[in-house]
>>> print(open('run_9.cif').read())   # mmCIF, C-alpha atoms and all ligand atoms
data_coords
loop_
_atom_site.label_atom_id
_atom_site.label_comp_id
_atom_site.auth_asym_id
_atom_site.auth_seq_id
_atom_site.Cartn_x
_atom_site.Cartn_y
_atom_site.Cartn_z
CA MET A 1 -34.77 -43.61 -37.84
CA HIS A 2 -31.58 -43.57 -35.78
CA VAL A 3 -31.92 -45.56 -32.57
CA THR A 4 -29.42 -43.42 -30.67
CA SER A 5 -30.87 -40.60 -28.63
CA SER A 6 -31.05 -37.16 -30.13
CA SER A 7 -32.58 -35.57 -27.07
CA SER A 8 -30.70 -35.53 -23.80
CA ASN A 9 -27.08 -36.55 -23.41
CA LYS A 10 -27.45 -36.40 -19.66
CA THR A 11 -27.48 -39.57 -17.60
CA THR A 12 -30.52 -40.05 -15.36
CA PRO A 13 -29.79 -39.09 -11.76
CA LYS A 14 -29.63 -41.44 -8.81
CA ILE A 15 -32.97 -41.43 -6.99
CA ASP A 16 -33.20 -41.41 -3.21
CA MET A 17 -36.21 -41.43 -0.89
CA ILE A 18 -35.17 -38.01 0.31
CA PRO A 19 -34.95 -35.46 -2.50
CA GLN A 20 -31.38 -34.27 -2.82
CA HIS A 21 -32.44 -30.88 -4.14
CA VAL A 22 -35.66 -29.06 -3.19
CA ALA A 23 -36.60 -25.85 -5.03
CA ILE A 24 -39.41 -23.67 -3.68
CA ILE A 25 -41.50 -20.80 -5.04
CA MET A 26 -42.35 -19.05 -1.79
CA ASP A 27 -45.70 -17.56 -2.73
CA GLY A 28 -48.62 -16.17 -0.74
CA ASN A 29 -47.05 -13.59 1.58
CA GLY A 30 -49.42 -10.86 0.42
CA ARG A 31 -52.51 -13.02 0.83
CA TRP A 32 -51.33 -14.18 4.25
CA ALA A 33 -51.08 -10.54 5.30
CA ARG A 34 -54.52 -9.78 3.93
CA THR A 35 -56.15 -12.64 5.82
CA HIS A 36 -54.57 -11.23 9.00
CA SER A 37 -55.62 -7.65 8.15
CA LEU A 38 -51.98 -6.62 7.91
CA PRO A 39 -50.05 -4.71 5.23
CA ARG A 40 -48.36 -6.88 2.56
CA MET A 41 -44.96 -6.05 4.04
CA ALA A 42 -45.91 -7.90 7.24
CA GLY A 43 -46.42 -10.99 5.12
CA HIS A 44 -42.94 -10.71 3.65
CA LYS A 45 -41.48 -10.35 7.14
CA ARG A 46 -43.30 -13.46 8.32
CA GLY A 47 -42.06 -15.20 5.21
CA VAL A 48 -38.51 -14.87 6.50
CA GLU A 49 -39.50 -17.01 9.49
CA SER A 50 -40.64 -19.73 7.12
CA VAL A 51 -37.29 -19.54 5.35
CA ARG A 52 -35.53 -20.23 8.65
CA THR A 53 -37.83 -23.17 9.32
CA ALA A 54 -37.32 -24.56 5.82
CA VAL A 55 -33.53 -24.37 6.15
CA LYS A 56 -33.56 -26.17 9.51
CA SER A 57 -36.01 -28.79 8.29
CA CYS A 58 -33.97 -29.52 5.18
CA ILE A 59 -30.83 -30.01 7.26
CA LYS A 60 -32.67 -32.41 9.59
CA ARG A 61 -34.01 -34.40 6.69
CA LYS A 62 -30.62 -34.47 4.95
CA VAL A 63 -31.70 -32.55 1.88
CA ASN A 64 -28.43 -31.29 0.36
CA TYR A 65 -29.66 -28.39 -1.74
CA LEU A 66 -32.44 -25.93 -0.99
CA THR A 67 -33.22 -23.27 -3.60
CA LEU A 68 -35.65 -20.47 -2.79
CA TYR A 69 -37.23 -18.04 -5.24
CA ALA A 70 -37.11 -14.68 -3.46
CA PHE A 71 -37.56 -12.15 -6.28
CA SER A 72 -38.31 -12.81 -9.92
CA SER A 73 -37.24 -10.79 -12.93
CA GLU A 74 -40.95 -9.96 -13.29
CA ASN A 75 -41.37 -8.71 -9.71
CA TRP A 76 -40.00 -5.31 -10.82
CA ARG A 77 -43.54 -4.75 -12.09
CA ARG A 78 -44.77 -4.36 -8.49
CA PRO A 79 -45.37 -1.00 -6.82
CA ILE A 80 -42.08 0.75 -6.11
CA GLU A 81 -42.74 0.80 -2.32
CA GLU A 82 -43.02 -2.97 -2.24
CA ILE A 83 -39.89 -3.42 -4.35
CA SER A 84 -37.84 -1.16 -2.06
CA PHE A 85 -39.21 -2.93 1.00
CA LEU A 86 -38.25 -6.33 -0.41
CA MET A 87 -34.76 -5.10 -1.32
CA GLN A 88 -34.24 -3.65 2.16
CA LEU A 89 -35.52 -6.81 3.78
CA PHE A 90 -33.16 -8.87 1.62
CA THR A 91 -30.10 -6.81 2.62
CA LEU A 92 -31.14 -6.79 6.28
CA VAL A 93 -31.62 -10.55 6.38
CA LEU A 94 -28.33 -11.09 4.55
CA ASP A 95 -26.58 -8.89 7.06
CA GLN A 96 -28.04 -10.74 10.03
CA GLU A 97 -28.03 -14.30 8.80
CA VAL A 98 -24.99 -15.04 6.65
CA ILE A 99 -22.70 -15.48 9.63
CA LYS A 100 -25.26 -17.82 11.22
CA LEU A 101 -25.47 -19.82 8.02
CA HIS A 102 -21.70 -20.15 8.11
CA GLU A 103 -21.70 -21.26 11.75
CA ASN A 104 -24.20 -23.93 10.81
CA GLY A 105 -22.09 -25.30 7.97
CA ILE A 106 -24.34 -23.96 5.23
CA ARG A 107 -23.02 -22.91 1.83
CA PHE A 108 -24.75 -19.76 0.66
CA LYS A 109 -25.31 -18.90 -3.01
CA VAL A 110 -27.30 -16.32 -4.91
CA ILE A 111 -28.45 -16.77 -8.51
CA GLY A 112 -29.96 -14.07 -10.69
CA ASP A 113 -29.04 -10.91 -12.52
CA LEU A 114 -27.26 -8.95 -9.82
CA THR A 115 -26.43 -5.97 -12.03
CA LYS A 116 -29.59 -4.22 -10.83
CA PHE A 117 -28.56 -4.45 -7.16
CA ASP A 118 -26.62 -1.72 -5.40
CA GLN A 119 -22.90 -2.15 -4.90
CA LYS A 120 -23.19 -2.75 -1.16
CA THR A 121 -25.63 -5.61 -1.62
CA ILE A 122 -23.49 -7.20 -4.33
CA GLU A 123 -20.48 -7.06 -2.00
CA PHE A 124 -22.50 -8.61 0.80
CA ILE A 125 -23.56 -11.43 -1.47
CA ARG A 126 -20.08 -12.11 -2.82
CA ASN A 127 -18.53 -11.99 0.67
CA GLY A 128 -21.18 -14.37 1.98
CA GLU A 129 -20.61 -16.76 -0.89
CA GLU A 130 -16.87 -16.68 -0.40
CA MET A 131 -17.04 -17.12 3.36
CA THR A 132 -19.33 -20.16 3.12
CA ALA A 133 -17.88 -21.68 -0.05
CA SER A 134 -16.43 -24.82 1.55
CA ASN A 135 -19.42 -25.66 3.76
CA THR A 136 -21.09 -28.96 2.93
CA ARG A 137 -24.08 -29.49 5.23
CA LEU A 138 -26.59 -27.75 2.97
CA THR A 139 -26.30 -25.50 -0.06
CA LEU A 140 -28.84 -22.72 0.29
CA THR A 141 -29.43 -20.84 -2.96
CA ILE A 142 -31.49 -17.68 -3.09
CA ALA A 143 -32.86 -16.74 -6.51
CA ALA A 144 -32.91 -12.94 -6.56
CA ASN A 145 -33.82 -11.02 -9.68
CA TYR A 146 -33.81 -14.44 -11.26
CA GLY A 147 -35.62 -15.54 -14.39
CA GLY A 148 -35.34 -18.89 -16.14
CA ARG A 149 -35.17 -17.23 -19.54
CA TRP A 150 -32.47 -14.83 -18.35
CA ASP A 151 -30.51 -17.85 -17.11
CA ILE A 152 -30.61 -19.67 -20.43
CA MET A 153 -29.72 -16.52 -22.34
CA GLN A 154 -26.80 -15.58 -20.12
CA ALA A 155 -25.53 -19.16 -20.42
CA ILE A 156 -25.60 -18.97 -24.22
CA GLN A 157 -23.80 -15.64 -24.11
CA ARG A 158 -21.11 -16.88 -21.74
CA MET A 159 -20.61 -20.10 -23.70
CA HIS A 160 -20.23 -18.07 -26.86
CA THR A 161 -17.69 -15.71 -25.27
CA LYS A 162 -15.64 -18.62 -23.91
CA ASN A 163 -15.87 -20.81 -26.99
CA PRO A 164 -17.25 -19.03 -30.08
CA GLY A 165 -16.74 -22.12 -32.25
CA LEU A 166 -19.25 -24.16 -30.25
CA ILE A 167 -22.34 -22.19 -31.17
CA ASN A 168 -23.00 -24.13 -34.39
CA ASN A 169 -22.71 -27.54 -32.80
CA PHE A 170 -23.19 -27.96 -29.08
CA VAL A 171 -24.83 -30.49 -26.80
CA GLU A 172 -26.78 -29.93 -23.57
CA ASN A 173 -23.79 -30.42 -21.31
CA ASP A 174 -21.80 -27.77 -23.19
CA LEU A 175 -24.45 -25.21 -22.33
CA SER A 176 -25.62 -26.40 -18.91
CA GLN A 177 -22.22 -25.74 -17.35
CA TYR A 178 -22.85 -22.03 -17.90
CA LEU A 179 -26.24 -22.00 -16.20
CA ALA A 180 -26.42 -20.14 -12.91
CA MET A 181 -26.87 -23.35 -10.89
CA SER A 182 -24.24 -25.48 -12.60
CA TYR A 183 -22.83 -26.31 -9.15
CA ALA A 184 -25.97 -28.24 -8.15
CA PRO A 185 -27.84 -31.29 -9.39
CA GLU A 186 -31.21 -30.47 -10.96
CA PRO A 187 -34.07 -30.18 -8.44
CA ASP A 188 -35.77 -33.46 -7.51
CA LEU A 189 -38.73 -31.77 -5.86
CA PHE A 190 -40.32 -28.44 -6.73
CA ILE A 191 -42.76 -26.90 -4.26
CA ARG A 192 -45.00 -23.91 -4.88
CA THR A 193 -46.99 -22.54 -1.98
CA GLY A 194 -49.92 -20.14 -2.24
CA GLY A 195 -52.17 -22.16 -4.54
CA GLU A 196 -51.04 -20.99 -8.00
CA GLN A 197 -50.05 -23.77 -10.36
CA ARG A 198 -47.40 -22.18 -12.52
CA ILE A 199 -43.62 -21.97 -12.82
CA SER A 200 -43.43 -18.14 -13.07
CA ASN A 201 -40.11 -18.18 -14.94
CA PHE A 202 -38.27 -20.10 -12.19
CA LEU A 203 -35.63 -22.70 -13.12
CA LEU A 204 -36.99 -23.46 -16.59
CA TRP A 205 -34.12 -25.59 -17.84
CA GLN A 206 -33.44 -27.34 -14.56
CA LEU A 207 -37.06 -28.33 -13.82
CA SER A 208 -37.47 -30.44 -16.95
CA TYR A 209 -37.81 -33.70 -14.94
CA THR A 210 -38.46 -32.37 -11.45
CA GLU A 211 -41.46 -33.67 -9.51
CA LEU A 212 -43.91 -30.80 -9.08
CA TYR A 213 -45.87 -30.23 -5.87
CA PHE A 214 -48.40 -27.45 -5.39
CA THR A 215 -50.01 -26.57 -2.08
CA ASP A 216 -52.60 -23.97 -1.05
CA THR A 217 -50.66 -23.31 2.15
CA LEU A 218 -49.46 -19.71 2.13
CA TRP A 219 -45.69 -19.32 2.49
CA PRO A 220 -45.78 -17.74 6.00
CA ASP A 221 -47.77 -20.82 7.17
CA PHE A 222 -45.40 -23.32 5.55
CA ASN A 223 -43.69 -25.30 8.33
CA ALA A 224 -41.80 -28.54 8.94
CA ASP A 225 -45.01 -30.60 8.64
CA SER A 226 -45.82 -28.94 5.32
CA LEU A 227 -42.38 -29.91 4.04
CA ASP A 228 -42.92 -33.48 5.19
CA LEU A 229 -46.21 -33.63 3.27
CA ALA A 230 -44.39 -32.50 0.13
CA ILE A 231 -41.64 -35.07 0.63
CA LYS A 232 -44.25 -37.76 1.25
CA SER A 233 -45.93 -36.90 -2.02
CA TYR A 234 -42.52 -37.02 -3.72
CA GLN A 235 -41.88 -40.48 -2.32
CA GLN A 236 -45.03 -41.78 -3.99
CA ARG A 237 -43.94 -40.70 -7.46
CA GLU A 238 -42.40 -43.01 -10.00
CA ARG A 239 -39.60 -41.13 -11.74
CA ARG A 240 -39.20 -42.72 -15.13
CA PHE A 241 -37.25 -40.12 -17.13
CA GLY A 242 -38.83 -41.33 -20.33
CA ARG A 243 -38.50 -45.04 -19.64
CA ILE A 244 -41.31 -47.48 -18.75
CA SER A 245 -41.95 -48.92 -15.29
CA GLU A 246 -40.51 -52.34 -16.18
CA GLN A 247 -37.14 -50.80 -16.93
CA LEU A 248 -36.67 -49.25 -13.51
C1 LIG B 301 -44.29 -14.10 -2.61
O1 LIG B 301 -45.47 -13.62 -2.06
C2 LIG B 301 -43.12 -13.22 -2.29
C3 LIG B 301 -42.55 -12.51 -3.44
C4 LIG B 301 -42.94 -12.62 -4.67
C5 LIG B 301 -41.45 -11.64 -3.14
P1 LIG B 301 -46.38 -12.61 -2.85
O2 LIG B 301 -45.95 -11.23 -2.50
O3 LIG B 301 -46.40 -12.92 -4.29
O4 LIG B 301 -47.79 -12.92 -2.19
P2 LIG B 301 -49.20 -12.98 -2.91
O5 LIG B 301 -49.06 -13.89 -4.09
O6 LIG B 301 -49.54 -11.58 -3.29
O7 LIG B 301 -50.09 -13.52 -1.86
C1 LIG B 302 -43.15 -15.81 -8.00
O1 LIG B 302 -44.18 -15.27 -7.24
C2 LIG B 302 -41.86 -15.21 -7.62
C3 LIG B 302 -41.46 -15.38 -6.23
C4 LIG B 302 -42.02 -16.11 -5.31
C5 LIG B 302 -40.27 -14.68 -5.90
P1 LIG B 302 -45.20 -14.22 -7.86
O2 LIG B 302 -46.29 -14.10 -6.86
O3 LIG B 302 -44.52 -12.99 -8.26
O4 LIG B 302 -45.70 -15.02 -9.14
P2 LIG B 302 -46.76 -14.65 -10.26
O5 LIG B 302 -46.19 -13.49 -11.01
O6 LIG B 302 -48.03 -14.32 -9.57
O7 LIG B 302 -46.85 -15.86 -11.08
MG MG B 303 -47.60 -14.09 -5.45
#
>>> encode(input="run_9.cif", output="C-alpha cells", more="lines below")
Ligand code: IPE
Ligand code: IPE
Ligand code: MG
Amino acid sequence: MHVTSSSSNKTTPKIDMIPQHVAIIMDGNGRWARTHSLPRMAGHKRGVESVRTAVKSCIKRKVNYLTLYAFSSENWRRPIEEISFLMQLFTLVLDQEVIKLHENGIRFKVIGDLTKFDQKTIEFIRNGEEMTASNTRLTLTIAANYGGRWDIMQAIQRMHTKNPGLINNFVENDLSQYLAMSYAPEPDLFIRTGGEQRISNFLLWQLSYTELYFTDTLWPDFNADSLDLAIKSYQQRERRFGRISEQL
C-alpha cells in the first residue's frame, strides 16, 4: 500500500474559536406560521427578520462568511403560489437591503442556478455583487435555486470547457475552483433550524468536514442567543480531519 494520501490534496484549515464560515439552512418558516395561526407566507416574512439578526450577530462575533440557504433546487416542487411569493419576497428584500449591506461593509454574493430567474432579478443580483465586491467586513452569500449536486455538475462542466485535457486526470483542487463558492473557505459550522436532521442538497462538497448543528428552534425564532448556542457547541468539538487527538 502506498503511504501517500490518495484522498484529499487539501491542507487542513486553521481552526479558530469563532467559526470563520457559518452556513445555515433556514428551515421552519411554515411551521412557525402554523403555530401562530398565520398563513405560511407570514412565516417567510418573519424569516427575513431573522436574516437581519443573523447578519448583525455574525458581524459582532467576527464571523467572516455567512451563507444562507434561501431556496433549494427542490423547492420548485412547492405550490406555485408559495414559489411566486418567495420570488417576490426575494426581489423585494434585495431591492431594499443591498444598499444597506454595502453601507455596512458587507460583500453580497448569490450562488445557485440563476437561469430560472427573471432578467430583472438577475440584474439586481449582479449589480449588488459588483457594488459590494470589495467589502471585507462579512461576506453574505445567499443560496438561491441552489443544489449541491447542481454545483458539482456545473463545476465539472466548466472545468471541462476551460481545460478539456484535465478530465481524465484531475485532483480536488482542479475541480473545487469551479464550485460556486470557490471564493470562500469551506464552512466550519453548519446550522439547520426547524428540527429536521438532513442536508437537503445544500453544500454537499463543501460540508465534508463541517461541524453539524441541528436545533428545533424554528427559523423565525432564531436570534442572537440561538447563534451563540450553536457557536458554543462548535467550540466543544474536536476537529480532527482524519487524524487522532494526539496529533493535534
Ligand atoms: C424554510 O421554511 C424556507 C424555505 C424553504 C424557503 P419552510 O417553508 O421549509 O418551513 P417548514 O419546513 O414548512 O416549516
Ligand atoms: C431546505 O428546506 C431548503 C431551504 C431552507 C431553502 P426545505 O424545508 O425545503 O427542506 P426539505 O425539502 O424539507 O428537506
Ligand atoms: Mg422546511
>>> residues_around(input="run_9.cif", residues="range 193-200 of chain A", least_positions_apart="2", cutoff="9 Å", atoms="only C-alpha atoms", output="VMD selection string")
chain A and resid 24 to 29 31 to 32 72 74 147 to 148 191 202 to 204 213 to 219 222
>>> write_last_selection(input="run_9.cif", atoms="C-alpha atoms", output="short mmCIF file (atom, residue, chain, number, x, y, z; two decimals), in the coordinates of the input")
data_model
loop_
_atom_site.label_atom_id
_atom_site.label_comp_id
_atom_site.auth_asym_id
_atom_site.auth_seq_id
_atom_site.Cartn_x
_atom_site.Cartn_y
_atom_site.Cartn_z
CA ILE A 24 -39.41 -23.67 -3.68
CA ILE A 25 -41.50 -20.80 -5.04
CA MET A 26 -42.35 -19.05 -1.79
CA ASP A 27 -45.70 -17.56 -2.73
CA GLY A 28 -48.62 -16.17 -0.74
CA ASN A 29 -47.05 -13.59 1.58
CA ARG A 31 -52.51 -13.02 0.83
CA TRP A 32 -51.33 -14.18 4.25
CA SER A 72 -38.31 -12.81 -9.92
CA GLU A 74 -40.95 -9.96 -13.29
CA GLY A 147 -35.62 -15.54 -14.39
CA GLY A 148 -35.34 -18.89 -16.14
CA ILE A 191 -42.76 -26.90 -4.26
CA PHE A 202 -38.27 -20.10 -12.19
CA LEU A 203 -35.63 -22.70 -13.12
CA LEU A 204 -36.99 -23.46 -16.59
CA TYR A 213 -45.87 -30.23 -5.87
CA PHE A 214 -48.40 -27.45 -5.39
CA THR A 215 -50.01 -26.57 -2.08
CA ASP A 216 -52.60 -23.97 -1.05
CA THR A 217 -50.66 -23.31 2.15
CA LEU A 218 -49.46 -19.71 2.13
CA TRP A 219 -45.69 -19.32 2.49
CA PHE A 222 -45.40 -23.32 5.55
#
>>> residues_around(input="run_9.cif", residues="Arg237 in chain A", least_positions_apart="5", cutoff="12 Å", atoms="all atoms listed in the file", output="JSON list (two decimals) with C-alpha atoms, in the coordinates of the input")
[["chain", "number", "residue", "atom", "x", "y", "z"],
["A", 15, "ILE", "CA", -32.97, -41.43, -6.99],
["A", 16, "ASP", "CA", -33.20, -41.41, -3.21],
["A", 17, "MET", "CA", -36.21, -41.43, -0.89],
["A", 19, "PRO", "CA", -34.95, -35.46, -2.50],
["A", 188, "ASP", "CA", -35.77, -33.46, -7.51],
["A", 189, "LEU", "CA", -38.73, -31.77, -5.86],
["A", 209, "TYR", "CA", -37.81, -33.70, -14.94],
["A", 210, "THR", "CA", -38.46, -32.37, -11.45],
["A", 211, "GLU", "CA", -41.46, -33.67, -9.51],
["A", 212, "LEU", "CA", -43.91, -30.80, -9.08],
["A", 213, "TYR", "CA", -45.87, -30.23, -5.87],
["A", 230, "ALA", "CA", -44.39, -32.50, 0.13],
["A", 231, "ILE", "CA", -41.64, -35.07, 0.63],
["A", 232, "LYS", "CA", -44.25, -37.76, 1.25],
["A", 245, "SER", "CA", -41.95, -48.92, -15.29]]
>>> closest_residue(input="run_9.cif", among="A:Gln88, A:Thr12, A:Thr53, A:Ser226", to="Leu66 in chain A", atoms="all atoms listed in the file")
A:Thr53
>>> closest_residue(input="run_9.cif", among="A:Lys116, A:Lys56, A:Lys162, A:Arg78", to="ligand LIG 301 (chain B)", atoms="all atoms listed in the file")
A:Arg78
>>> residues_around(input="run_9.cif", residues="Tyr146 in chain A", least_positions_apart="2", cutoff="8 Å", atoms="only C-alpha atoms", output="ChimeraX atom specification")
/A:69,71-73,111-113,143-144,148,150-151,202
>>> write_last_selection(input="run_9.cif", atoms="C-alpha atoms", output="mmCIF file, in the coordinates of the input")
data_model
loop_
_atom_site.group_PDB
_atom_site.id
_atom_site.type_symbol
_atom_site.label_atom_id
_atom_site.label_comp_id
_atom_site.auth_asym_id
_atom_site.auth_seq_id
_atom_site.Cartn_x
_atom_site.Cartn_y
_atom_site.Cartn_z
ATOM 1 C CA TYR A 69 -37.230 -18.040 -5.240
ATOM 2 C CA PHE A 71 -37.560 -12.150 -6.280
ATOM 3 C CA SER A 72 -38.310 -12.810 -9.920
ATOM 4 C CA SER A 73 -37.240 -10.790 -12.930
ATOM 5 C CA ILE A 111 -28.450 -16.770 -8.510
ATOM 6 C CA GLY A 112 -29.960 -14.070 -10.690
ATOM 7 C CA ASP A 113 -29.040 -10.910 -12.520
ATOM 8 C CA ALA A 143 -32.860 -16.740 -6.510
ATOM 9 C CA ALA A 144 -32.910 -12.940 -6.560
ATOM 10 C CA GLY A 148 -35.340 -18.890 -16.140
ATOM 11 C CA TRP A 150 -32.470 -14.830 -18.350
ATOM 12 C CA ASP A 151 -30.510 -17.850 -17.110
ATOM 13 C CA PHE A 202 -38.270 -20.100 -12.190
#
>>> atom_distance(input="run_9.cif", atom1="atom O4 of ligand LIG 302 (chain B)", atom2="CA of Leu138 in chain A")
26.0 Å
>>> closest_residue(input="run_9.cif", among="A:Lys62, A:Ala70, A:Ala23, A:Leu166", to="ligand MG 303 (chain B)", atoms="only C-alpha atoms and all ligand atoms")
A:Ala70
>>> axis_aligned_box(input="run_9.cif", around="ligand LIG 301 (chain B)", padding_each_side="5 Å", output="lines of an AutoDock Vina configuration file")
center_x = -45.8
center_y = -12.7
center_z = -3.3
size_x = 18.6
size_y = 12.9
size_z = 12.8
>>> closest_residue(input="run_9.cif", among="A:Thr67, A:Ser8, A:Ser57, A:Ser182", to="ligand LIG 302 (chain B)", atoms="all atoms listed in the file")
A:Thr67
>>> closest_residue(input="run_9.cif", among="A:Arg192, A:Asn168, A:Arg149, A:Asp228", to="ligand MG 303 (chain B)", atoms="all atoms listed in the file")
A:Arg192
>>> closest_residue(input="run_9.cif", among="A:Lys120, A:Arg158, A:Lys45, A:Lys60", to="ligand LIG 301 (chain B)", atoms="only C-alpha atoms and all ligand atoms")
A:Lys45
>>> residues_around(input="run_9.cif", residues="Met131 in chain A", least_positions_apart="6", cutoff="9 Å", atoms="all atoms listed in the file", output="ChimeraX atom specification")
/A:98-99,102,107-108
>>> write_last_selection(input="run_9.cif", atoms="C-alpha atoms", output="tab-separated table (two decimals), in the frame of the given file")
chain	number	residue	atom	x	y	z
A	98	VAL	CA	-24.99	-15.04	6.65
A	99	ILE	CA	-22.70	-15.48	9.63
A	102	HIS	CA	-21.70	-20.15	8.11
A	107	ARG	CA	-23.02	-22.91	1.83
A	108	PHE	CA	-24.75	-19.76	0.66
>>> atom_distance(input="run_9.cif", atom1="CA of His21 in chain A", atom2="CA of Thr139 in chain A")
9.1 Å
>>> atom_distance(input="run_9.cif", atom1="CA of Leu179 in chain A", atom2="CA of Ile244 in chain A")
29.7 Å
